[in-house]
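This is work33.csv (CSV, C-alpha atoms and all ligand atoms).
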chain,number,residue,atom,x,y,z
I,1,MET,CA,12.3,42.2,-68.7
I,2,GLY,CA,8.7,42.4,-67.6
I,3,GLU,CA,6.9,39.4,-66.2
I,4,GLU,CA,4.7,39.0,-69.2
I,5,GLU,CA,7.6,39.2,-71.7
I,6,ASP,CA,9.4,36.7,-69.5
I,7,ASN,CA,6.5,34.3,-69.6
I,8,LEU,CA,6.2,34.7,-73.4
I,9,ASN,CA,9.8,33.9,-73.8
I,10,LYS,CA,9.5,30.8,-71.7
I,11,MET,CA,6.4,29.7,-73.7
I,12,ASN,CA,8.4,29.4,-76.8
I,13,LYS,CA,11.3,27.5,-75.3
I,14,ILE,CA,11.2,23.9,-74.3
I,15,VAL,CA,13.2,21.5,-72.2
I,16,ILE,CA,14.8,18.6,-74.2
I,17,ALA,CA,15.9,15.6,-72.1
I,18,ILE,CA,18.2,13.1,-73.8
I,19,ASP,CA,18.9,9.9,-71.9
I,20,GLY,CA,20.5,6.6,-72.8
I,21,PHE,CA,23.3,4.2,-72.2
I,22,SER,CA,26.9,5.2,-72.1
I,23,SER,CA,28.6,6.1,-75.4
I,24,THR,CA,25.4,6.3,-77.4
I,25,GLY,CA,26.6,9.7,-78.8
I,26,LYS,CA,24.1,11.6,-76.7
I,27,SER,CA,26.4,14.5,-76.1
I,28,THR,CA,27.4,14.9,-79.7
I,29,ILE,CA,23.8,15.1,-80.8
I,30,ALA,CA,22.7,17.2,-77.8
I,31,LYS,CA,25.4,19.7,-78.4
I,32,GLN,CA,24.5,20.2,-82.1
I,33,LEU,CA,20.8,20.3,-81.3
I,34,ALA,CA,21.4,23.0,-78.7
I,35,LYS,CA,23.5,25.0,-81.2
I,36,GLN,CA,20.8,24.9,-83.9
I,37,LEU,CA,18.1,25.9,-81.4
I,38,ASN,CA,20.2,28.5,-79.7
I,39,TYR,CA,19.7,26.6,-76.4
I,40,ILE,CA,22.0,25.9,-73.4
I,41,TYR,CA,23.5,22.4,-73.5
I,42,VAL,CA,24.3,20.7,-70.2
I,43,ASP,CA,26.3,17.4,-70.0
I,44,THR,CA,25.2,15.9,-66.6
I,45,GLY,CA,27.6,13.0,-67.0
I,46,ALA,CA,30.4,15.6,-66.7
I,47,MET,CA,29.0,16.5,-63.3
I,48,TYR,CA,29.1,12.9,-62.0
I,49,ARG,CA,32.6,12.7,-63.5
I,50,ALA,CA,33.6,15.8,-61.7
I,51,VAL,CA,32.5,14.3,-58.3
I,52,THR,CA,34.5,11.2,-59.3
I,53,TYR,CA,37.5,13.2,-60.1
I,54,PHE,CA,37.2,14.9,-56.7
I,55,ALA,CA,36.9,11.5,-54.9
I,56,LEU,CA,39.9,10.1,-56.7
I,57,ASP,CA,41.9,13.2,-56.0
I,58,ASN,CA,41.1,13.0,-52.3
I,59,ASN,CA,41.7,9.2,-52.0
I,60,LEU,CA,38.1,8.5,-51.2
I,61,ILE,CA,37.8,5.9,-54.0
I,62,GLY,CA,40.4,3.6,-55.6
I,63,GLU,CA,41.3,0.0,-56.2
I,64,GLY,CA,39.2,-2.0,-53.7
I,65,PHE,CA,38.0,0.9,-51.5
I,66,PHE,CA,35.3,3.5,-51.5
I,67,HIS,CA,34.9,5.8,-48.5
I,68,SER,CA,31.4,6.9,-49.5
I,69,GLU,CA,30.5,8.3,-46.0
I,70,LYS,CA,33.6,10.6,-46.2
I,71,LEU,CA,32.6,11.7,-49.7
I,72,ILE,CA,29.1,12.5,-48.5
I,73,ASP,CA,30.6,14.6,-45.7
I,74,LYS,CA,32.7,16.5,-48.2
I,75,LEU,CA,29.9,17.3,-50.7
I,76,ASP,CA,29.7,20.9,-49.7
I,77,ASP,CA,33.3,21.3,-50.8
I,78,ILE,CA,32.4,20.4,-54.3
I,79,HIS,CA,31.5,23.3,-56.6
I,80,ILE,CA,30.8,22.4,-60.2
I,81,THR,CA,30.4,25.1,-62.8
I,82,PHE,CA,30.3,25.3,-66.6
I,83,LYS,CA,32.0,28.0,-68.7
I,84,PHE,CA,31.3,28.4,-72.4
I,85,ASN,CA,34.4,28.0,-74.5
I,86,GLU,CA,34.0,30.1,-77.7
I,87,ALA,CA,36.7,28.2,-79.6
I,88,LEU,CA,35.2,24.8,-78.8
I,89,GLY,CA,31.6,25.8,-79.1
I,90,PHE,CA,30.5,24.2,-75.8
I,91,ALA,CA,30.7,24.8,-72.1
I,92,GLU,CA,33.6,23.1,-70.3
I,93,VAL,CA,33.3,21.8,-66.7
I,94,TYR,CA,35.1,23.3,-63.8
I,95,LEU,CA,35.7,21.8,-60.3
I,96,ASN,CA,36.3,24.5,-57.6
I,97,GLY,CA,37.4,26.9,-60.3
I,98,LYS,CA,39.7,24.4,-62.1
I,99,ASN,CA,39.1,23.3,-65.7
I,100,ILE,CA,38.8,19.5,-65.6
I,101,GLU,CA,37.1,19.0,-69.0
I,102,LYS,CA,39.9,16.8,-70.3
I,103,ALA,CA,40.8,15.2,-67.0
I,104,ILE,CA,37.4,13.6,-66.5
I,105,ARG,CA,37.4,11.8,-69.9
I,106,THR,CA,39.9,9.2,-68.9
I,107,LEU,CA,39.1,5.4,-68.6
I,108,LYS,CA,40.1,5.7,-64.9
I,109,VAL,CA,37.3,8.3,-64.2
I,110,SER,CA,35.0,6.2,-66.4
I,111,SER,CA,35.6,3.1,-64.3
I,112,TYR,CA,34.8,4.7,-61.0
I,113,VAL,CA,31.9,7.0,-62.0
I,114,SER,CA,29.1,4.5,-61.8
I,115,PRO,CA,29.6,3.5,-58.2
I,116,ILE,CA,29.8,7.3,-57.3
I,117,ALA,CA,26.5,7.8,-59.2
I,118,THR,CA,24.7,5.3,-57.0
I,119,ILE,CA,25.1,7.5,-53.9
I,120,SER,CA,21.7,9.3,-53.3
I,121,GLU,CA,23.3,12.3,-51.6
I,122,VAL,CA,25.5,12.9,-54.7
I,123,ARG,CA,22.5,12.6,-57.0
I,124,GLN,CA,20.4,14.9,-54.8
I,125,LYS,CA,23.0,17.6,-54.9
I,126,LEU,CA,23.5,17.4,-58.7
I,127,VAL,CA,19.8,17.0,-59.6
I,128,GLU,CA,19.1,20.2,-57.6
I,129,GLN,CA,21.7,22.1,-59.6
I,130,GLN,CA,20.5,20.7,-62.9
I,131,GLN,CA,16.9,21.7,-62.2
I,132,LEU,CA,18.1,25.3,-61.4
I,133,MET,CA,19.9,25.4,-64.7
I,134,GLY,CA,16.8,24.4,-66.6
I,135,LYS,CA,14.3,26.6,-64.8
I,136,ASP,CA,14.0,29.1,-67.7
I,137,LYS,CA,13.8,26.3,-70.3
I,138,GLY,CA,15.6,26.6,-73.6
I,139,ILE,CA,17.9,23.8,-72.5
I,140,VAL,CA,19.1,20.5,-73.9
I,141,MET,CA,20.3,18.2,-71.1
I,142,ASP,CA,21.8,14.7,-71.5
I,143,GLY,CA,22.3,12.0,-68.9
I,144,ARG,CA,20.6,8.9,-67.5
I,145,ASP,CA,17.7,10.3,-65.4
I,146,ILE,CA,16.8,13.6,-67.1
I,147,GLY,CA,13.4,12.6,-68.5
I,148,THR,CA,12.5,10.5,-65.5
I,149,VAL,CA,13.8,12.5,-62.4
I,150,VAL,CA,15.3,15.9,-63.3
I,151,PHE,CA,12.7,17.1,-65.8
I,152,PRO,CA,9.7,14.6,-65.7
I,153,ASN,CA,7.7,17.3,-67.5
I,154,ALA,CA,10.2,17.9,-70.3
I,155,GLU,CA,8.4,18.7,-73.5
I,156,LEU,CA,10.7,16.4,-75.5
I,157,LYS,CA,12.3,13.2,-74.2
I,158,VAL,CA,14.6,11.1,-76.2
I,159,PHE,CA,16.1,7.7,-75.3
I,160,MET,CA,19.1,6.8,-77.3
I,161,THR,CA,20.3,3.2,-77.8
I,162,ALA,CA,22.9,1.4,-79.8
I,163,SER,CA,24.5,-2.1,-79.5
I,164,ALA,CA,27.2,-2.4,-76.8
I,165,GLU,CA,29.8,-3.3,-79.5
I,166,THR,CA,28.9,-0.2,-81.6
I,167,ARG,CA,29.2,2.0,-78.6
I,168,ALA,CA,32.5,0.4,-77.4
I,169,GLN,CA,34.0,0.8,-80.9
I,170,ARG,CA,33.1,4.5,-80.9
I,171,ARG,CA,34.5,5.2,-77.5
I,172,TYR,CA,37.6,3.2,-78.3
I,173,LYS,CA,38.3,5.3,-81.4
I,174,GLU,CA,37.7,8.5,-79.4
I,175,LEU,CA,40.1,7.5,-76.7
I,176,LEU,CA,42.8,6.4,-79.1
I,177,GLU,CA,42.5,9.7,-81.0
I,178,ARG,CA,43.0,11.5,-77.7
I,179,GLY,CA,46.2,9.5,-77.2
I,180,HIS,CA,45.1,7.0,-74.6
I,181,ASN,CA,46.7,3.6,-74.7
I,182,LEU,CA,44.2,0.8,-74.1
I,183,SER,CA,42.5,-2.2,-75.7
I,184,TYR,CA,39.1,-2.5,-77.3
I,185,ASP,CA,38.2,-5.2,-74.8
I,186,GLU,CA,38.9,-2.9,-71.9
I,187,VAL,CA,36.6,-0.3,-73.3
I,188,LEU,CA,33.8,-2.9,-74.1
I,189,GLU,CA,34.1,-4.2,-70.5
I,190,ASN,CA,33.8,-0.6,-69.1
I,191,VAL,CA,30.7,0.1,-71.3
I,192,THR,CA,28.9,-3.1,-70.3
I,193,THR,CA,29.8,-2.8,-66.6
I,194,ARG,CA,28.5,0.8,-66.6
I,195,ASP,CA,25.3,-0.2,-68.4
I,196,ARG,CA,24.7,-2.8,-65.7
I,197,ILE,CA,25.4,-0.6,-62.7
I,198,ASP,CA,23.5,2.4,-64.2
I,199,SER,CA,20.4,0.3,-65.0
I,200,THR,CA,20.2,-1.6,-61.8
I,201,ARG,CA,21.0,1.0,-59.1
I,202,GLU,CA,18.3,1.7,-56.6
I,203,ASP,CA,18.2,5.5,-56.9
I,204,SER,CA,17.1,6.8,-60.3
I,205,PRO,CA,18.2,3.8,-62.5
I,206,LEU,CA,18.6,4.3,-66.2
I,207,VAL,CA,15.2,3.5,-67.7
I,208,LYS,CA,13.3,4.9,-70.7
I,209,ALA,CA,10.6,7.4,-69.6
I,210,GLU,CA,7.2,6.2,-70.8
I,211,ASP,CA,6.8,9.2,-73.0
I,212,ALA,CA,10.3,9.2,-74.5
I,213,ILE,CA,11.0,8.7,-78.2
I,214,GLU,CA,13.5,5.8,-78.6
I,215,ILE,CA,16.2,6.2,-81.2
I,216,ASP,CA,18.6,3.3,-82.0
I,217,ASN,CA,21.4,5.1,-83.8
I,218,SER,CA,23.6,2.1,-84.5
I,219,ASN,CA,23.1,2.7,-88.2
I,220,LEU,CA,22.2,6.5,-88.3
I,221,THR,CA,24.6,9.3,-89.2
I,222,ILE,CA,24.8,12.3,-87.0
I,223,GLU,CA,23.0,14.4,-89.7
I,224,GLU,CA,20.1,11.9,-89.8
I,225,GLN,CA,19.8,11.9,-86.0
I,226,LEU,CA,19.9,15.7,-85.9
I,227,GLU,CA,17.3,16.0,-88.6
I,228,THR,CA,14.9,13.7,-86.7
I,229,LEU,CA,15.3,15.5,-83.4
I,230,LEU,CA,14.9,18.9,-84.9
I,231,LYS,CA,11.7,17.7,-86.5
I,232,PHE,CA,10.4,16.5,-83.1
I,233,ALA,CA,11.6,19.6,-81.3
I,234,LYS,CA,9.7,21.9,-83.8
I,235,THR,CA,6.4,20.1,-83.2
I,236,LYS,CA,6.8,20.7,-79.5
I,237,VAL,CA,7.7,24.4,-79.5
W,301,LIG,O1,27.3,10.4,-69.9
W,301,LIG,P1,28.6,9.9,-69.2
W,301,LIG,O2,29.1,8.6,-69.8
W,301,LIG,O3,29.7,10.9,-69.2
W,301,LIG,O4,28.2,9.6,-67.7
W,301,LIG,C1,29.1,9.1,-66.8
W,301,LIG,C2,28.4,8.3,-65.7
W,301,LIG,O5,27.6,9.2,-64.8
W,301,LIG,C3,27.4,7.2,-66.1
W,301,LIG,O6,28.0,6.0,-66.3
W,301,LIG,C4,26.4,7.2,-65.0
W,301,LIG,C5,26.4,8.6,-64.4
W,301,LIG,N1,25.3,9.5,-64.7
W,301,LIG,C6,24.2,9.4,-64.0
W,301,LIG,O7,24.1,8.5,-63.2
W,301,LIG,N2,23.1,10.2,-64.2
W,301,LIG,C7,23.2,11.2,-65.1
W,301,LIG,N3,22.2,12.0,-65.3
W,301,LIG,C8,24.4,11.3,-65.9
W,301,LIG,C9,25.4,10.4,-65.7

Please re-express this file's structure in structure tokens.
Ligand code: DC
Amino acid sequence: MGEEEDNLNKMNKIVIAIDGFSSTGKSTIAKQLAKQLNYIYVDTGAMYRAVTYFALDNNLIGEGFFHSEKLIDKLDDIHITFKFNEALGFAEVYLNGKNIEKAIRTLKVSSYVSPIATISEVRQKLVEQQQLMGKDKGIVMDGRDIGTVVFPNAELKVFMTASAETRAQRRYKELLERGHNLSYDEVLENVTTRDRIDSTREDSPLVKAEDAIEIDNSNLTIEEQLETLLKFAKTKV
């Protein structure tokens, strides 16, 4: 591809940053949006979960302990990749060549991921990789700091919210459907604790970017959200 054609291609494509609290349904909507626009979808939460999985697997974090310095020393041993799964219609996450897409969705990983995500060295490593993935645009990325830190110049920024109870209910249903045995209260506790840690951490706290469009989806269907976002995306292309 010539340089001019390459530039033209980039001109039509945009970066869409979707941030928000946990379990706001960001990934569901981001995946569908990417599919409609023929864009790449990247779930950055999966990357923080992959580091957490590594830390748990190597006994660097657990009940009452966190050897953060040791984790920082081992960061070069962590290789996170995504591979598109045709049958599922999205890219699954791999840690050092092993598919961990399902293993990172447990309540155990959820309850240790926020402390892991406070470590600046972890964030730096993952943000660098995320910026590389979006360098050619045509990407929908969801997370907590996408519109503020990863892509501050993203053409479209969305900030998703919903009440903690609505989110806990959704996550609870999802976990039950996957066969996990736990109570609604445990899930609500995890959701509110993560909100607090994610919004108050020193490095890249979860905040709405000034130029982000805020969508409270407590009472919106997926189709309604998708329609709204597609409309916004089309005005930016
Ligand atoms: O989106 P998720 O629930 O899978 O994200 C898991 C955790 O990862 C979340 O509680 C905070 C952290 N995270 C982050 O700090 N920055 C991101 N861009 C994405 C996730």

Skip Ser204 (chain I) itself and residues of its chain fewer than 6 positions away, then list as number ranges by chain all residues within 10 Å of it, counting all atoms listed in the file. I: 117-118, 120, 123, 144-146, 148-150, 198

Could the residues that lie within 8 Å of ligand LIG 301 (chain W), counting all atoms listed in the file, be listed as a PyMOL selection string? chain I and resi 19+21-23+26-27+43-49+105+110+113-114+116-118+123+127+142-146+194-195+197-198+204-206

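Once all atoms listed in the file are considered, the residues situated within 10 Å of the file point (30.8, 3.0, -79.8) turn out to be Ser22, Ser23, Thr24, Gly25, Ala162, Ser163, Ala164, Glu165, Thr166, Arg167, Ala168, Gln169, Arg170, Arg171, Tyr172, Lys173, Glu174, Val187, Leu188, Val191 and Ser218 of chain I.
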
Nearest to Ser199 (chain I) by atom-to-atom distance, counting only C-alpha atoms, from I:Gly89, I:Lys70, I:Pro115, I:Gln129: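 Looking only at the distances to Ser199 (chain I), the closest residue turns out to be I:Pro115.
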
Nearest residue to Ile18 (chain I) out of I:Asn85, I:Ser68, I:Thr161, I:Asn59, using only C-alpha atoms?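 Closest candidate: I:Thr161.
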
Residue neighbourhood region 154-160 of chain I, 8 Å, only C-alpha atoms, exclusion window fewer than 4 positions, as a ChimeraX atom specification: /I:14-21,24,26,147,208-209,211-217,232-233,236

Pick from I:Leu88, I:Val93, I:Ala55, I:Thr193: nearest to His67 (chain I), with only C-alpha atoms counted? I:Ala55

Using only C-alpha atoms, determine which residues lie at most 12 Å from region 56-58 of chain I, disregarding the query and same-chain residues fewer than 2 positions distant; provide the list as number ranges by chain. I: 49-54, 60-63, 65-68, 70-71, 74, 77-78, 95, 100, 103-104, 108-113, 116

For a quick check of understanding, using all atoms listed in the file, which of I:Ile222, I:Leu107, I:Met141, I:Val122 has the smallest distance to Asn181 (chain I)? I:Leu107

Between CA of Leu75 (chain I) and CA of Asp136 (chain I), what is the distance, to one decimal in Å? 26.1 Å

For Thr221 (chain I), the closest of I:Val237, I:Leu126, I:Ala87, I:Ile29 counting only C-alpha atoms is I:Ile29

What's the separation between CA of Gln36 (chain I) and CA of Phe151 (chain I), in Å to one decimal place?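 CA of Gln36 (chain I) sits 21.3 Å away from CA of Phe151 (chain I).
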
Separation of CA of Ile139 (chain I) and CA of Ile40 (chain I), in Å?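 Interatomic distance here is 4.7 Å.
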
Kindly add N, CA and C atoms to the incomplete region 38-53 of chain I and provide the output as a PDB file, in the coordinates of the input.
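That gives us result.pdb:
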ATOM      1  N   ASN I  38      19.749  27.393 -80.505  1.00  0.00           N
ATOM      2  CA  ASN I  38      20.200  28.500 -79.700  1.00  0.00           C
ATOM      3  C   ASN I  38      19.874  28.238 -78.188  1.00  0.00           C
ATOM      4  N   TYR I  39      19.993  27.003 -77.765  1.00  0.00           N
ATOM      5  CA  TYR I  39      19.700  26.600 -76.400  1.00  0.00           C
ATOM      6  C   TYR I  39      20.979  26.364 -75.623  1.00  0.00           C
ATOM      7  N   ILE I  40      20.827  26.260 -74.303  1.00  0.00           N
ATOM      8  CA  ILE I  40      22.000  25.900 -73.400  1.00  0.00           C
ATOM      9  C   ILE I  40      22.093  24.376 -73.493  1.00  0.00           C
ATOM     10  N   TYR I  41      23.321  23.895 -73.518  1.00  0.00           N
ATOM     11  CA  TYR I  41      23.500  22.400 -73.500  1.00  0.00           C
ATOM     12  C   TYR I  41      24.198  22.087 -72.142  1.00  0.00           C
ATOM     13  N   VAL I  42      23.656  21.098 -71.458  1.00  0.00           N
ATOM     14  CA  VAL I  42      24.300  20.700 -70.200  1.00  0.00           C
ATOM     15  C   VAL I  42      24.541  19.144 -70.237  1.00  0.00           C
ATOM     16  N   ASP I  43      25.805  18.801 -70.034  1.00  0.00           N
ATOM     17  CA  ASP I  43      26.300  17.400 -70.000  1.00  0.00           C
ATOM     18  C   ASP I  43      26.277  16.988 -68.522  1.00  0.00           C
ATOM     19  N   THR I  44      25.235  16.272 -68.069  1.00  0.00           N
ATOM     20  CA  THR I  44      25.200  15.900 -66.600  1.00  0.00           C
ATOM     21  C   THR I  44      26.168  14.836 -66.275  1.00  0.00           C
ATOM     22  N   GLY I  45      26.565  14.023 -67.275  1.00  0.00           N
ATOM     23  CA  GLY I  45      27.600  13.000 -67.000  1.00  0.00           C
ATOM     24  C   GLY I  45      28.868  13.665 -66.531  1.00  0.00           C
ATOM     25  N   ALA I  46      29.154  14.855 -67.077  1.00  0.00           N
ATOM     26  CA  ALA I  46      30.400  15.600 -66.700  1.00  0.00           C
ATOM     27  C   ALA I  46      30.308  15.954 -65.189  1.00  0.00           C
ATOM     28  N   MET I  47      29.104  16.171 -64.674  1.00  0.00           N
ATOM     29  CA  MET I  47      29.000  16.500 -63.300  1.00  0.00           C
ATOM     30  C   MET I  47      29.267  15.316 -62.366  1.00  0.00           C
ATOM     31  N   TYR I  48      28.757  14.131 -62.766  1.00  0.00           N
ATOM     32  CA  TYR I  48      29.100  12.900 -62.000  1.00  0.00           C
ATOM     33  C   TYR I  48      30.566  12.588 -62.139  1.00  0.00           C
ATOM     34  N   ARG I  49      31.119  12.873 -63.310  1.00  0.00           N
ATOM     35  CA  ARG I  49      32.600  12.700 -63.500  1.00  0.00           C
ATOM     36  C   ARG I  49      33.371  13.614 -62.646  1.00  0.00           C
ATOM     37  N   ALA I  50      32.879  14.848 -62.477  1.00  0.00           N
ATOM     38  CA  ALA I  50      33.600  15.800 -61.700  1.00  0.00           C
ATOM     39  C   ALA I  50      33.638  15.371 -60.193  1.00  0.00           C
ATOM     40  N   VAL I  51      32.532  14.819 -59.705  1.00  0.00           N
ATOM     41  CA  VAL I  51      32.500  14.300 -58.300  1.00  0.00           C
ATOM     42  C   VAL I  51      33.491  13.138 -58.209  1.00  0.00           C
ATOM     43  N   THR I  52      33.544  12.306 -59.251  1.00  0.00           N
ATOM     44  CA  THR I  52      34.500  11.200 -59.300  1.00  0.00           C
ATOM     45  C   THR I  52      35.905  11.628 -59.243  1.00  0.00           C
ATOM     46  N   TYR I  53      36.190  12.660 -60.027  1.00  0.00           N
ATOM     47  CA  TYR I  53      37.500  13.200 -60.100  1.00  0.00           C
ATOM     48  C   TYR I  53      37.927  13.731 -58.683  1.00  0.00           C
TER      49      TYR I  53
END
